[in-house]
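Content type mmCIF, C-alpha atoms, from the file input-v8.cif:
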```cif
data_target
#
loop_
_atom_site.label_atom_id
_atom_site.label_comp_id
_atom_site.auth_asym_id
_atom_site.auth_seq_id
_atom_site.Cartn_x
_atom_site.Cartn_y
_atom_site.Cartn_z
CA MET A 1 3.90 3.30 -24.40
CA LYS A 2 5.17 6.19 -22.35
CA GLU A 3 4.36 6.13 -18.66
CA ALA A 4 3.92 9.84 -18.24
CA VAL A 5 2.26 9.71 -14.88
CA GLU A 6 4.86 7.68 -12.99
CA ILE A 7 6.28 9.27 -9.89
CA GLY A 8 9.90 10.27 -9.95
CA ARG A 9 12.56 10.91 -12.47
CA ASN A 10 13.43 7.34 -13.15
CA PRO A 11 10.33 5.18 -13.39
CA SER A 12 12.35 2.09 -14.30
CA ALA A 13 13.80 2.10 -10.79
CA GLY A 14 10.41 1.37 -9.23
CA PRO A 15 8.32 -1.77 -9.61
CA ASP A 16 6.90 -2.47 -13.06
CA LEU A 17 3.35 -1.38 -12.37
CA PRO A 18 1.57 -2.89 -15.41
CA ASP A 19 3.21 -6.19 -14.58
CA LEU A 20 2.12 -5.87 -10.95
CA MET A 21 -1.42 -5.11 -12.08
CA ALA A 22 -1.48 -8.21 -14.26
CA ARG A 23 -0.43 -10.28 -11.26
CA VAL A 24 -2.97 -8.56 -9.02
CA ALA A 25 -5.68 -9.39 -11.57
CA ARG A 26 -4.72 -13.04 -11.17
CA GLY A 27 -5.24 -12.86 -7.40
CA ASP A 28 -1.62 -12.39 -6.29
CA HIS A 29 -1.68 -10.92 -2.75
CA GLU A 30 2.04 -10.19 -2.71
CA ALA A 31 1.75 -8.20 -5.93
CA PHE A 32 -1.14 -6.27 -4.40
CA ALA A 33 0.94 -5.46 -1.32
CA ALA A 34 3.65 -4.04 -3.60
CA LEU A 35 1.08 -2.09 -5.61
CA TYR A 36 -0.42 -0.80 -2.38
CA ASP A 37 2.94 0.66 -1.37
CA VAL A 38 3.04 2.71 -4.57
CA VAL A 39 -0.56 3.90 -4.77
CA ALA A 40 -1.85 4.17 -1.18
CA GLY A 41 -0.18 7.55 -0.48
CA PRO A 42 -1.57 9.27 -3.59
CA VAL A 43 -4.97 7.62 -3.08
CA LEU A 44 -5.31 8.84 0.49
CA GLY A 45 -3.98 12.27 -0.51
CA VAL A 46 -6.62 12.73 -3.20
CA VAL A 47 -9.46 11.52 -0.99
CA ARG A 48 -8.37 13.65 1.94
CA GLY A 49 -8.10 16.69 -0.32
CA VAL A 50 -11.70 16.34 -1.45
CA LEU A 51 -13.30 15.09 1.77
CA ARG A 52 -11.06 16.68 4.41
CA ASP A 53 -12.61 14.60 7.20
CA ARG A 54 -9.87 12.17 8.25
CA ALA A 55 -11.98 9.23 9.36
CA GLN A 56 -14.18 9.42 6.30
CA SER A 57 -11.13 9.77 4.06
CA GLU A 58 -9.57 6.60 5.45
CA GLU A 59 -12.81 4.77 4.90
CA VAL A 60 -13.14 5.91 1.28
CA ALA A 61 -9.44 5.30 0.59
CA GLN A 62 -9.86 1.78 1.91
CA GLU A 63 -12.87 1.22 -0.32
CA VAL A 64 -10.95 2.50 -3.34
CA LEU A 65 -7.97 0.23 -2.63
CA VAL A 66 -10.22 -2.80 -2.24
CA GLU A 67 -11.94 -1.81 -5.49
CA VAL A 68 -8.54 -1.75 -7.20
CA TRP A 69 -8.04 -5.32 -6.05
CA ARG A 70 -11.51 -6.37 -7.11
CA THR A 71 -11.50 -4.74 -10.54
CA ALA A 72 -7.82 -5.10 -11.44
CA ALA A 73 -8.79 -7.08 -14.54
CA ARG A 74 -10.38 -3.93 -15.99
CA TYR A 75 -7.07 -2.14 -16.23
CA ARG A 76 -5.95 -1.65 -19.84
CA PRO A 77 -2.28 -0.62 -20.25
CA GLU A 78 -2.96 0.92 -23.66
CA ARG A 79 -5.29 3.45 -22.05
CA GLY A 80 -2.80 4.93 -19.63
CA SER A 81 -0.58 4.26 -16.66
CA VAL A 82 -1.60 2.27 -13.61
CA LEU A 83 -1.31 5.31 -11.36
CA ASN A 84 -3.52 7.27 -13.70
CA TRP A 85 -6.13 4.51 -13.65
CA VAL A 86 -6.07 4.28 -9.88
CA LEU A 87 -6.22 8.05 -9.37
CA VAL A 88 -9.10 8.54 -11.81
CA LEU A 89 -11.03 5.90 -9.87
CA THR A 90 -10.01 7.51 -6.58
CA HIS A 91 -11.12 10.99 -7.61
CA GLN A 92 -14.42 9.66 -8.91
CA ARG A 93 -15.12 7.87 -5.62
CA ALA A 94 -14.14 10.87 -3.52
CA VAL A 95 -16.39 13.11 -5.61
CA ASP A 96 -19.24 10.58 -5.40
CA ARG A 97 -18.93 10.61 -1.64
CA VAL A 98 -18.75 14.36 -1.24
CA ARG A 99 -21.79 14.83 -3.49
CA SER A 100 -23.83 12.16 -1.70
CA VAL A 101 -23.01 13.75 1.65
CA GLU A 102 -24.03 17.12 0.30
CA ALA A 103 -27.50 15.83 -0.32
CA SER A 104 -28.06 15.88 3.44
CA THR A 105 -25.70 18.55 4.72
CA ALA A 106 -25.20 21.96 3.22
CA ARG A 107 -22.00 22.67 1.41
CA GLU A 108 -19.54 24.56 3.55
CA HIS A 109 -19.56 28.29 3.30
CA LYS A 110 -18.48 29.84 0.03
CA ALA A 111 -15.79 31.94 1.66
CA ALA A 112 -14.28 28.92 3.39
CA LEU A 113 -13.92 27.11 0.08
CA LEU A 114 -12.16 30.03 -1.52
CA ASP A 115 -10.15 30.90 1.56
CA ARG A 116 -8.39 27.66 2.09
CA THR A 117 -5.51 27.20 -0.33
CA PRO A 118 -6.37 23.99 -2.12
CA ALA A 119 -4.14 21.07 -1.18
CA PHE A 120 -0.38 21.25 -0.65
CA ASP A 121 -0.95 21.51 3.07
CA GLU A 122 0.09 17.98 3.90
CA VAL A 123 3.66 17.14 4.75
CA THR A 124 5.19 14.07 3.24
CA GLU A 125 8.62 12.63 3.83
CA GLN A 126 8.87 11.00 0.44
CA VAL A 127 11.37 12.81 -1.75
CA GLU A 128 9.70 11.71 -4.98
CA ALA A 129 6.35 13.02 -3.81
CA ARG A 130 7.94 16.33 -2.85
CA LEU A 131 9.53 16.65 -6.29
CA GLU A 132 6.22 15.86 -7.93
CA ARG A 133 4.50 18.46 -5.78
CA GLU A 134 7.06 21.10 -6.65
CA GLN A 135 6.65 20.41 -10.34
CA VAL A 136 2.87 20.57 -10.20
CA ARG A 137 2.99 23.73 -8.13
CA ARG A 138 5.35 25.31 -10.64
CA CYS A 139 3.12 24.34 -13.56
CA LEU A 140 -0.02 25.56 -11.80
CA ARG A 141 1.67 28.97 -11.63
CA THR A 142 1.77 29.06 -15.45
CA LEU A 143 -2.05 29.04 -15.52
CA THR A 144 -4.10 32.22 -15.44
CA GLU A 145 -5.71 32.95 -12.09
CA LEU A 146 -9.14 31.89 -13.34
CA GLN A 147 -7.79 28.71 -14.94
CA ARG A 148 -5.94 27.79 -11.77
CA GLN A 149 -8.88 28.48 -9.47
CA SER A 150 -11.31 26.60 -11.70
CA VAL A 151 -9.07 23.56 -12.06
CA THR A 152 -8.11 23.32 -8.39
CA LEU A 153 -11.66 23.86 -7.11
CA ALA A 154 -12.93 21.13 -9.42
CA TYR A 155 -10.14 18.67 -8.71
CA TYR A 156 -9.20 19.27 -5.09
CA ARG A 157 -12.65 20.23 -3.86
CA GLY A 158 -14.75 18.00 -6.08
CA LEU A 159 -16.99 20.83 -7.28
CA THR A 160 -19.01 20.56 -10.47
CA TYR A 161 -18.26 23.22 -13.05
CA ARG A 162 -21.61 24.82 -12.26
CA GLU A 163 -20.59 25.14 -8.62
CA VAL A 164 -17.24 26.55 -9.68
CA ALA A 165 -19.00 29.10 -11.88
CA GLU A 166 -21.29 30.14 -9.05
CA LEU A 167 -18.47 30.34 -6.54
CA LEU A 168 -16.31 32.46 -8.83
CA ALA A 169 -19.28 34.45 -10.14
CA THR A 170 -18.17 33.60 -13.67
CA PRO A 171 -20.33 32.53 -16.64
CA LEU A 172 -20.71 28.78 -17.11
CA GLY A 173 -19.23 28.82 -20.60
CA THR A 174 -16.14 30.61 -19.34
CA VAL A 175 -15.54 28.08 -16.59
CA LYS A 176 -16.03 25.22 -19.06
CA THR A 177 -13.35 26.55 -21.36
CA ARG A 178 -11.03 27.55 -18.49
CA LEU A 179 -11.17 24.00 -17.13
CA ARG A 180 -10.20 22.71 -20.54
CA ASP A 181 -7.49 25.18 -21.44
CA GLY A 182 -6.17 25.13 -17.88
CA LEU A 183 -5.72 21.37 -18.03
CA ILE A 184 -4.21 21.62 -21.51
CA ARG A 185 -1.64 24.08 -20.21
CA LEU A 186 -0.94 21.82 -17.25
CA ARG A 187 -0.60 18.82 -19.57
CA ASP A 188 1.93 20.62 -21.72
CA CYS A 189 3.90 22.03 -18.81
CA LEU A 190 4.09 18.61 -17.13
CA GLY A 191 4.94 16.90 -20.40
CA VAL A 192 2.04 14.46 -20.07
CA THR A 193 1.67 12.07 -22.98
CA VAL A 194 -0.71 9.15 -23.32
CA MET B 1 -25.75 21.62 -27.14
CA THR B 2 -23.69 21.47 -30.33
CA ALA B 3 -20.80 19.12 -30.98
CA ALA B 4 -18.35 21.99 -30.54
CA ASP B 5 -19.92 22.79 -27.16
CA LEU B 6 -19.65 19.16 -26.15
CA HIS B 7 -16.04 19.08 -27.18
CA THR B 8 -15.15 21.85 -24.74
CA LEU B 9 -16.45 19.61 -21.94
CA THR B 10 -13.33 17.41 -22.12
CA GLY B 11 -11.74 19.35 -19.26
CA ALA B 12 -14.80 19.27 -17.01
CA TYR B 13 -15.27 15.57 -17.80
CA ALA B 14 -11.67 14.74 -16.92
CA LEU B 15 -12.15 16.54 -13.60
CA HIS B 16 -15.43 14.71 -12.84
CA ALA B 17 -17.08 18.13 -12.80
CA LEU B 18 -20.15 17.32 -14.93
CA ASP B 19 -23.55 16.39 -13.59
CA ASP B 20 -25.07 13.05 -14.61
CA ASP B 21 -27.04 14.26 -17.63
CA GLU B 22 -24.16 16.17 -19.13
CA ARG B 23 -21.78 13.33 -18.49
CA GLU B 24 -24.08 10.96 -20.34
CA ARG B 25 -24.40 13.33 -23.27
CA PHE B 26 -20.67 13.85 -23.38
CA GLU B 27 -20.00 10.10 -23.29
CA ARG B 28 -22.36 9.57 -26.18
CA HIS B 29 -20.49 12.26 -28.08
CA ALA B 30 -17.04 10.95 -27.13
CA ALA B 31 -17.96 7.42 -28.20
CA ALA B 32 -18.04 8.73 -31.78
CA CYS B 33 -15.27 11.34 -31.47
CA ALA B 34 -11.77 9.89 -31.40
CA ASP B 35 -10.18 13.30 -30.83
CA CYS B 36 -12.34 13.88 -27.74
CA ALA B 37 -11.53 10.47 -26.34
CA ARG B 38 -7.85 11.10 -26.82
CA GLU B 39 -8.04 14.54 -25.25
CA VAL B 40 -9.94 13.11 -22.29
CA ARG B 41 -7.21 10.54 -21.74
CA GLU B 42 -4.54 13.25 -21.83
CA LEU B 43 -6.41 15.63 -19.57
CA SER B 44 -7.25 12.81 -17.14
CA ALA B 45 -3.55 12.03 -16.97
CA ALA B 46 -2.80 15.70 -16.29
CA ALA B 47 -5.48 15.73 -13.56
CA ALA B 48 -3.96 12.59 -12.04
CA ARG B 49 -0.73 14.55 -11.62
CA LEU B 50 -2.65 16.99 -9.43
CA GLY B 51 -3.49 13.94 -7.36
CA LEU B 52 0.08 12.70 -7.18
CA ALA B 53 1.13 16.10 -5.93
CA VAL B 54 -0.92 15.69 -2.74
CA THR B 55 0.49 12.30 -1.79
CA VAL B 56 0.45 11.68 1.96
CA SER B 57 1.95 8.92 4.09
CA PRO B 58 -0.85 6.65 5.21
CA ASP B 59 -1.00 5.11 8.66
CA PRO B 60 0.51 1.57 8.45
CA ALA B 61 -2.71 0.25 10.00
CA LEU B 62 -4.49 1.11 6.74
CA LYS B 63 -2.38 -1.43 4.88
CA ASP B 64 -3.18 -4.15 7.41
CA GLN B 65 -6.88 -3.40 7.09
CA VAL B 66 -6.83 -3.39 3.30
CA MET B 67 -4.74 -6.57 3.08
CA ARG B 68 -7.14 -8.27 5.47
CA ARG B 69 -10.19 -7.10 3.55
CA ILE B 70 -9.04 -8.32 0.16
CA THR B 71 -8.86 -11.89 1.47
CA THR B 72 -12.65 -11.83 1.60
CA VAL B 73 -13.28 -9.96 -1.66
CA ARG B 74 -13.93 -11.89 -4.82
CA GLN B 75 -12.20 -10.46 -7.88
CA GLU B 76 -13.88 -9.81 -11.18
CA PRO B 77 -12.91 -12.31 -13.83
CA PRO B 78 -10.73 -11.00 -16.66
CA ARG B 79 -12.65 -9.56 -19.58
CA THR B 80 -12.39 -11.65 -22.68
CA VAL B 81 -14.86 -9.78 -24.86
CA SER B 82 -14.42 -6.12 -25.59
CA PRO B 83 -17.59 -4.03 -25.64
CA GLY B 84 -17.27 -3.50 -29.39
CA GLU B 85 -17.52 -7.22 -29.95
CA LEU B 86 -20.90 -7.56 -28.30
CA ARG B 87 -23.15 -9.01 -30.91
CA THR B 88 -26.26 -7.01 -31.60
CA VAL B 89 -28.98 -9.08 -33.12
CA GLY B 90 -31.90 -7.62 -34.98
CA ALA B 91 -30.88 -4.03 -34.48
CA ARG B 92 -32.90 -2.07 -36.96
CA ARG B 93 -31.72 1.28 -35.71
CA ARG B 94 -28.08 0.61 -35.15
CA ARG B 95 -26.90 4.00 -33.95
CA PRO B 96 -29.07 4.55 -30.91
CA SER B 97 -28.62 1.00 -29.68
CA ARG B 98 -24.87 1.09 -30.14
CA TRP B 99 -24.75 4.43 -28.36
CA ALA B 100 -26.92 3.20 -25.56
CA LEU B 101 -24.66 0.21 -25.09
CA ALA B 102 -21.53 2.28 -25.36
CA ALA B 103 -22.85 4.77 -22.83
CA ALA B 104 -23.93 2.03 -20.47
CA LEU B 105 -20.64 0.21 -20.88
CA ALA B 106 -18.61 3.33 -20.43
CA ALA B 107 -20.53 4.10 -17.29
CA ALA B 108 -20.70 0.59 -15.90
CA ALA B 109 -17.20 -0.50 -16.75
CA ALA B 110 -15.00 2.56 -16.95
CA LEU B 111 -16.60 4.78 -14.36
CA GLY B 112 -17.59 2.08 -11.97
CA GLY B 113 -21.26 2.43 -12.66
CA THR B 114 -22.13 5.91 -11.58
CA ALA B 115 -24.71 6.15 -14.34
CA VAL B 116 -26.24 2.80 -13.58
CA TRP B 117 -29.53 3.12 -11.91
CA GLN B 118 -32.15 0.98 -10.37
CA HIS B 119 -35.26 1.65 -8.39
CA GLU B 120 -34.79 1.38 -4.62
CA ARG B 121 -37.74 0.65 -2.41
CA ALA B 122 -37.72 3.20 0.38
CA GLN B 123 -37.76 0.65 3.19
CA ASP B 124 -34.73 -1.11 1.74
CA ALA B 125 -32.58 1.96 1.66
CA GLN B 126 -31.43 2.23 5.24
CA ASN B 127 -29.02 5.04 4.56
CA ALA B 128 -27.16 6.73 1.78
CA GLN B 129 -24.03 4.68 2.34
CA GLU B 130 -25.78 1.36 2.17
CA GLN B 131 -27.55 2.61 -0.93
CA ALA B 132 -24.25 3.62 -2.51
CA ARG B 133 -22.78 0.22 -1.69
CA ARG B 134 -25.73 -1.53 -3.26
CA ALA B 135 -25.54 0.65 -6.33
CA GLU B 136 -21.90 -0.29 -6.65
CA ARG B 137 -22.61 -3.99 -6.29
CA ARG B 138 -25.28 -3.77 -8.94
CA ALA B 139 -22.96 -1.80 -11.21
CA ASP B 140 -20.46 -4.64 -10.91
CA GLN B 141 -23.12 -7.19 -11.72
CA VAL B 142 -24.23 -5.14 -14.71
CA ALA B 143 -20.65 -4.90 -15.92
CA ALA B 144 -20.19 -8.64 -15.39
CA VAL B 145 -23.19 -9.43 -17.61
CA LEU B 146 -22.29 -6.88 -20.30
CA THR B 147 -18.73 -8.16 -20.51
CA ALA B 148 -19.40 -11.88 -20.09
CA PRO B 149 -17.82 -13.93 -22.89
CA ASP B 150 -21.23 -15.29 -23.85
CA ALA B 151 -23.08 -11.96 -23.67
CA ARG B 152 -25.69 -11.69 -26.44
CA SER B 153 -27.88 -8.71 -27.09
CA ARG B 154 -31.03 -7.81 -28.93
CA THR B 155 -32.33 -4.34 -29.59
CA THR B 156 -35.94 -3.33 -30.07
CA GLU B 157 -37.52 -0.03 -30.92
CA LEU B 158 -39.84 1.28 -28.27
CA PRO B 159 -42.64 3.81 -28.68
CA GLY B 160 -41.67 7.46 -29.03
CA GLY B 161 -38.28 7.00 -30.65
CA ALA B 162 -36.86 5.14 -27.64
CA SER B 163 -35.05 1.85 -27.85
CA GLY B 164 -34.29 -1.00 -25.52
CA THR B 165 -31.50 -3.54 -25.61
CA VAL B 166 -31.53 -6.69 -23.58
CA VAL B 167 -28.16 -8.32 -22.93
CA VAL B 168 -28.18 -11.90 -21.66
CA SER B 169 -25.34 -13.99 -20.30
CA ARG B 170 -26.49 -17.60 -20.10
CA SER B 171 -23.39 -18.63 -18.15
CA ARG B 172 -24.22 -16.06 -15.47
CA ASP B 173 -27.94 -16.67 -15.86
CA ARG B 174 -28.53 -12.92 -15.64
CA ALA B 175 -29.82 -10.23 -17.96
CA VAL B 176 -29.36 -6.48 -18.22
CA PHE B 177 -31.82 -4.11 -19.84
CA VAL B 178 -30.35 -1.02 -21.46
CA ALA B 179 -32.87 1.72 -22.11
CA SER B 180 -32.31 4.64 -24.41
CA ARG B 181 -34.46 7.76 -24.27
CA MET B 182 -37.54 6.14 -22.76
CA ALA B 183 -40.28 8.63 -21.96
CA LYS B 184 -41.05 9.27 -18.30
CA PRO B 185 -43.85 7.03 -17.05
CA PRO B 186 -47.08 8.87 -16.12
CA GLY B 187 -47.09 10.46 -12.64
CA GLY B 188 -47.18 7.89 -9.82
CA LYS B 189 -46.34 5.05 -12.20
CA VAL B 190 -43.18 3.09 -12.90
CA TYR B 191 -41.89 0.82 -15.62
CA GLN B 192 -41.74 -2.77 -14.45
CA LEU B 193 -39.60 -5.37 -16.20
CA TRP B 194 -40.75 -8.98 -16.63
CA PHE B 195 -39.24 -12.23 -17.71
CA ASP B 196 -41.56 -14.09 -20.07
CA GLU B 197 -41.57 -17.81 -19.28
CA ALA B 198 -43.86 -19.47 -21.82
CA GLY B 199 -46.40 -16.69 -21.45
CA THR B 200 -46.11 -16.40 -17.66
CA MET B 201 -44.68 -13.08 -16.56
CA ARG B 202 -42.17 -13.13 -13.69
CA SER B 203 -41.21 -9.75 -12.25
CA ALA B 204 -37.64 -8.65 -12.97
CA GLY B 205 -37.77 -5.43 -10.97
CA LEU B 206 -38.59 -1.78 -11.50
CA MET B 207 -36.86 0.96 -13.42
CA ASP B 208 -36.00 4.33 -11.93
CA PRO B 209 -38.87 6.57 -13.09
CA GLY B 210 -36.50 9.55 -13.13
CA ARG B 211 -34.17 8.26 -15.80
CA GLY B 212 -34.99 7.07 -19.29
CA THR B 213 -31.47 6.16 -20.36
CA GLY B 214 -29.21 3.68 -18.65
CA ALA B 215 -28.63 0.07 -17.77
CA VAL B 216 -30.58 -1.91 -15.21
CA LEU B 217 -29.79 -5.36 -13.87
CA MET B 218 -32.90 -7.49 -14.22
CA GLU B 219 -33.81 -9.08 -10.90
CA GLY B 220 -33.67 -12.85 -10.65
CA PRO B 221 -32.21 -15.53 -12.91
CA VAL B 222 -32.98 -15.75 -16.62
CA ASP B 223 -33.71 -19.42 -16.09
CA GLY B 224 -36.27 -20.72 -18.59
CA ALA B 225 -37.35 -17.30 -19.84
CA SER B 226 -37.48 -16.90 -23.60
CA GLY B 227 -38.55 -13.26 -23.65
CA MET B 228 -39.05 -10.13 -21.62
CA GLY B 229 -41.65 -7.42 -21.34
CA ILE B 230 -42.12 -3.94 -19.94
CA THR B 231 -45.36 -2.64 -18.44
CA VAL B 232 -46.45 0.54 -16.72
CA GLU B 233 -47.42 -0.24 -13.12
CA PRO B 234 -48.40 1.74 -10.03
CA ALA B 235 -45.45 2.93 -7.90
CA GLY B 236 -43.98 -0.01 -6.02
CA GLY B 237 -44.78 -2.42 -8.82
CA SER B 238 -47.27 -5.23 -9.16
CA ARG B 239 -47.16 -8.98 -8.60
CA SER B 240 -48.34 -9.58 -12.13
CA PRO B 241 -48.83 -7.18 -15.04
CA THR B 242 -51.89 -4.98 -14.73
CA SER B 243 -51.59 -3.20 -18.10
CA ALA B 244 -50.86 -3.99 -21.70
CA PRO B 245 -47.10 -4.22 -22.28
CA VAL B 246 -45.21 -1.23 -23.61
CA ALA B 247 -42.88 -3.73 -25.23
CA LEU B 248 -42.38 -7.44 -25.56
CA MET B 249 -39.18 -8.86 -26.96
CA GLY B 250 -37.54 -12.21 -27.32
CA LEU B 251 -34.31 -12.85 -25.49
CA PRO B 252 -31.26 -13.36 -27.70
CA ALA B 253 -30.58 -17.05 -28.25
#
```
Could I get this structure in the form of structure tokens?
Amino acid sequence: MKEAVEIGRNPSAGPDLPDLMARVARGDHEAFAALYDVVAGPVLGVVRGVLRDRAQSEEVAQEVLVEVWRTAARYRPERGSVLNWVLVLTHQRAVDRVRSVEASTAREHKAALLDRTPAFDEVTEQVEARLEREQVRRCLRTLTELQRQSVTLAYYRGLTYREVAELLATPLGTVKTRLRDGLIRLRDCLGVTV
Amino acid sequence: MTAADLHTLTGAYALHALDDDERERFERHAAACADCAREVRELSAAAARLGLAVTVSPDPALKDQVMRRITTVRQEPPRTVSPGELRTVGARRRRPSRWALAAALAAAAALGGTAVWQHERAQDAQNAQEQARRAERRADQVAAVLTAPDARSRTTELPGGASGTVVVSRSRDRAVFVASRMAKPPGGKVYQLWFDEAGTMRSAGLMDPGRGTGAVLMEGPVDGASGMGITVEPAGGSRSPTSAPVALMGLPA
């Protein structure tokens, strides 16, 4: 199976993540510590992107990482890479949190959501992460403006496609298809295979 | 929504940008659409790259906290039965029950239980966070029953084209009820679940009146129960059934 979502040019240089996961599932703390080192940065990055509040982000990131430990046995290598599995879980949890918070507090002002360039505003020292960011940024530029806005608002801001449609004053059906063809373009540009 | 419409939701689904109802509908569709499932996997992987691109360097204290926390967290046992292998006994209408199970499993296992619901008594729900934590715990328990090696299920048709599947794990001594398209209870009423112990009904909790499709962990052990029932009760539930059952079914052996 191809590990399309590994960080870096040479995935074989890093730890063997599926093997680590198998050990984590058997209760191996050392394996979890090694897995933590690989996934914690991306996990916190995703959560912080969606939630923005630092304290809350740390809390949710911690919950996600503990959930990875707890549910490691659910990971299925044939369904995708470890990082993919962890980041899907992370995004889901971040989105769950932001939507549950919204029930009590109003969503921030429309203009603020559109104003702030989604993500890419954090500095990281890791070379691999910087390369990854450059590649994603380059591929995002191959999307149409509407595709890019729809995809980044949904992913980095945790908006539903209805919210995206409202925010961009675009018909629902258009946003639906832009999310799909935007991601397809991104998939092809990044060379993602499953 | 047509199948073609549903198919275009792969992108929104991969981005977690659907609301609950649409997600459920899409999952039912994707369970029978190999192309959609494949596309979702690919698009999820592409979305994960967006995540990788915003990697940050966490405070080292976070690692200490997480490493400390996992020493007190019990791990889920490995799954030895895949959802497809769950035995369905006495399923007269195979498709809805299989879909209901697939949807519940997809939600409970793959998505961490966001579609799993259960009635919360107002006084129990101290705040949204505590509620979310509870929901998560229940989702785990639901997943544990559905994926237990000795999980057995039985599906029964319910009035109005609905169906109900009860999944029992004797080793865990717990049961999960999976409802599919149950009609809303009358205003101010709820569905209450019961374990049937030789004709004596023991309450197994209430269902969320707002949702007619989903999985609910039945409260309390299965113990000596040989069947289960559903009744319509006033909001808050009753100590013993006050109306004729909507359904009575035997538990799978």
Any idea what's packed within 9 Å of Val66 (chain B), counting all atoms listed in the file, ignoring anything in its chain fewer than 5 positions away? Could you give it as a PDB file with C-alpha atoms, keeping the file's coordinate frame?
```pdb
ATOM      1  CA  TYR A  36      -0.420  -0.800  -2.380  1.00  0.00           C
ATOM      2  CA  GLN A  62      -9.860   1.780   1.910  1.00  0.00           C
ATOM      3  CA  GLU A  63     -12.870   1.220  -0.320  1.00  0.00           C
ATOM      4  CA  LEU A  65      -7.970   0.230  -2.630  1.00  0.00           C
ATOM      5  CA  VAL A  66     -10.220  -2.800  -2.240  1.00  0.00           C
TER       6      VAL A  66
ATOM      7  CA  ALA B  61      -2.710   0.250  10.000  1.00  0.00           C
ATOM      8  CA  THR B  71      -8.860 -11.890   1.470  1.00  0.00           C
TER       9      THR B  71
END
```
Apply the PyMOL selection byres ((chain A and resi 58) around 9) to the structure shown and report the selected residues as a list in words. Leu44, Val47, Arg48, Asp53, Arg54, Ala55, Gln56, Ser57, Glu59, Val60, Ala61, Gln62 and Glu63 of chain A; Pro58 and Leu62 of chain B
Residues selected by the PyMOL selection byres ((chain A and resi 142-154) around 8), written as a VMD selection string: (chain A and resid 118 138 to 141 155 to 161 164 175 178 to 179 181 to 183 185 to 186) or (chain B and resid 15 to 17)
Quick one: which residues from chain B are at most 7 Å off chain A, using only C-alpha atoms, as a PyMOL selection string? chain B and resi 8-12+15-19+41-43+45-46+48-58+66+70+73-79
Point out the residue among B:Met201, B:Leu206, B:Ala215, B:Ala47 with the least atom-to-atom distance to Arg181 (chain B), counting only C-alpha atoms. B:Ala215
Tell me which residues come within 9 Å of (0.9, -3.5, -13.6), as number ranges by chain, counting all atoms listed in the file in the file's coordinates. A: 15-24, 35, 75, 77, 81-82
Restricting the output to C-alpha atoms, write the selected residues as a CSV table (one decimal), in the coordinates of the input.
```csv
chain,number,residue,atom,x,y,z
A,15,PRO,CA,8.3,-1.8,-9.6
A,16,ASP,CA,6.9,-2.5,-13.1
A,17,LEU,CA,3.4,-1.4,-12.4
A,18,PRO,CA,1.6,-2.9,-15.4
A,19,ASP,CA,3.2,-6.2,-14.6
A,20,LEU,CA,2.1,-5.9,-11.0
A,21,MET,CA,-1.4,-5.1,-12.1
A,22,ALA,CA,-1.5,-8.2,-14.3
A,23,ARG,CA,-0.4,-10.3,-11.3
A,24,VAL,CA,-3.0,-8.6,-9.0
A,35,LEU,CA,1.1,-2.1,-5.6
A,75,TYR,CA,-7.1,-2.1,-16.2
A,77,PRO,CA,-2.3,-0.6,-20.2
A,81,SER,CA,-0.6,4.3,-16.7
A,82,VAL,CA,-1.6,2.3,-13.6
```
Polymer residues at most 10 Å from Ala30 (chain B), only C-alpha atoms, same-chain spacing of 3 or more positions, as a ChimeraX atom specification: /B:3,6-7,10,24-27,33-40,102-103
I want to know what sits within 8 Å of Gly220 (chain B), based on all atoms listed in the file, with residues of the same chain fewer than 2 positions away left out; could you give that as an mmCIF file with C-alpha atoms, in the frame of the given file?
```cif
data_model
loop_
_atom_site.group_PDB
_atom_site.id
_atom_site.type_symbol
_atom_site.label_atom_id
_atom_site.label_comp_id
_atom_site.auth_asym_id
_atom_site.auth_seq_id
_atom_site.Cartn_x
_atom_site.Cartn_y
_atom_site.Cartn_z
ATOM 1 C CA ARG B 174 -28.530 -12.920 -15.640
ATOM 2 C CA ALA B 204 -37.640 -8.650 -12.970
ATOM 3 C CA MET B 218 -32.900 -7.490 -14.220
ATOM 4 C CA VAL B 222 -32.980 -15.750 -16.620
#
```
Take region 135-140 of chain A, bring it up to N, CA and C atoms, and give me the output as a short mmCIF file (atom, residue, chain, number, x, y, z; two decimals), in the coordinates of the input.
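So out24.cif came out as:
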```
data_model
loop_
_atom_site.label_atom_id
_atom_site.label_comp_id
_atom_site.auth_asym_id
_atom_site.auth_seq_id
_atom_site.Cartn_x
_atom_site.Cartn_y
_atom_site.Cartn_z
N GLN A 135 6.86 20.27 -8.91
CA GLN A 135 6.65 20.41 -10.34
C GLN A 135 5.21 20.84 -10.65
N VAL A 136 4.27 20.22 -9.98
CA VAL A 136 2.87 20.57 -10.20
C VAL A 136 2.60 22.00 -9.76
N ARG A 137 3.17 22.37 -8.63
CA ARG A 137 2.99 23.73 -8.13
C ARG A 137 3.54 24.75 -9.13
N ARG A 138 4.72 24.41 -9.66
CA ARG A 138 5.35 25.31 -10.64
C ARG A 138 4.47 25.44 -11.87
N CYS A 139 3.96 24.31 -12.35
CA CYS A 139 3.12 24.34 -13.56
C CYS A 139 1.79 25.04 -13.30
N LEU A 140 1.24 24.87 -12.10
CA LEU A 140 -0.02 25.56 -11.80
C LEU A 140 0.18 27.07 -11.87
#
```
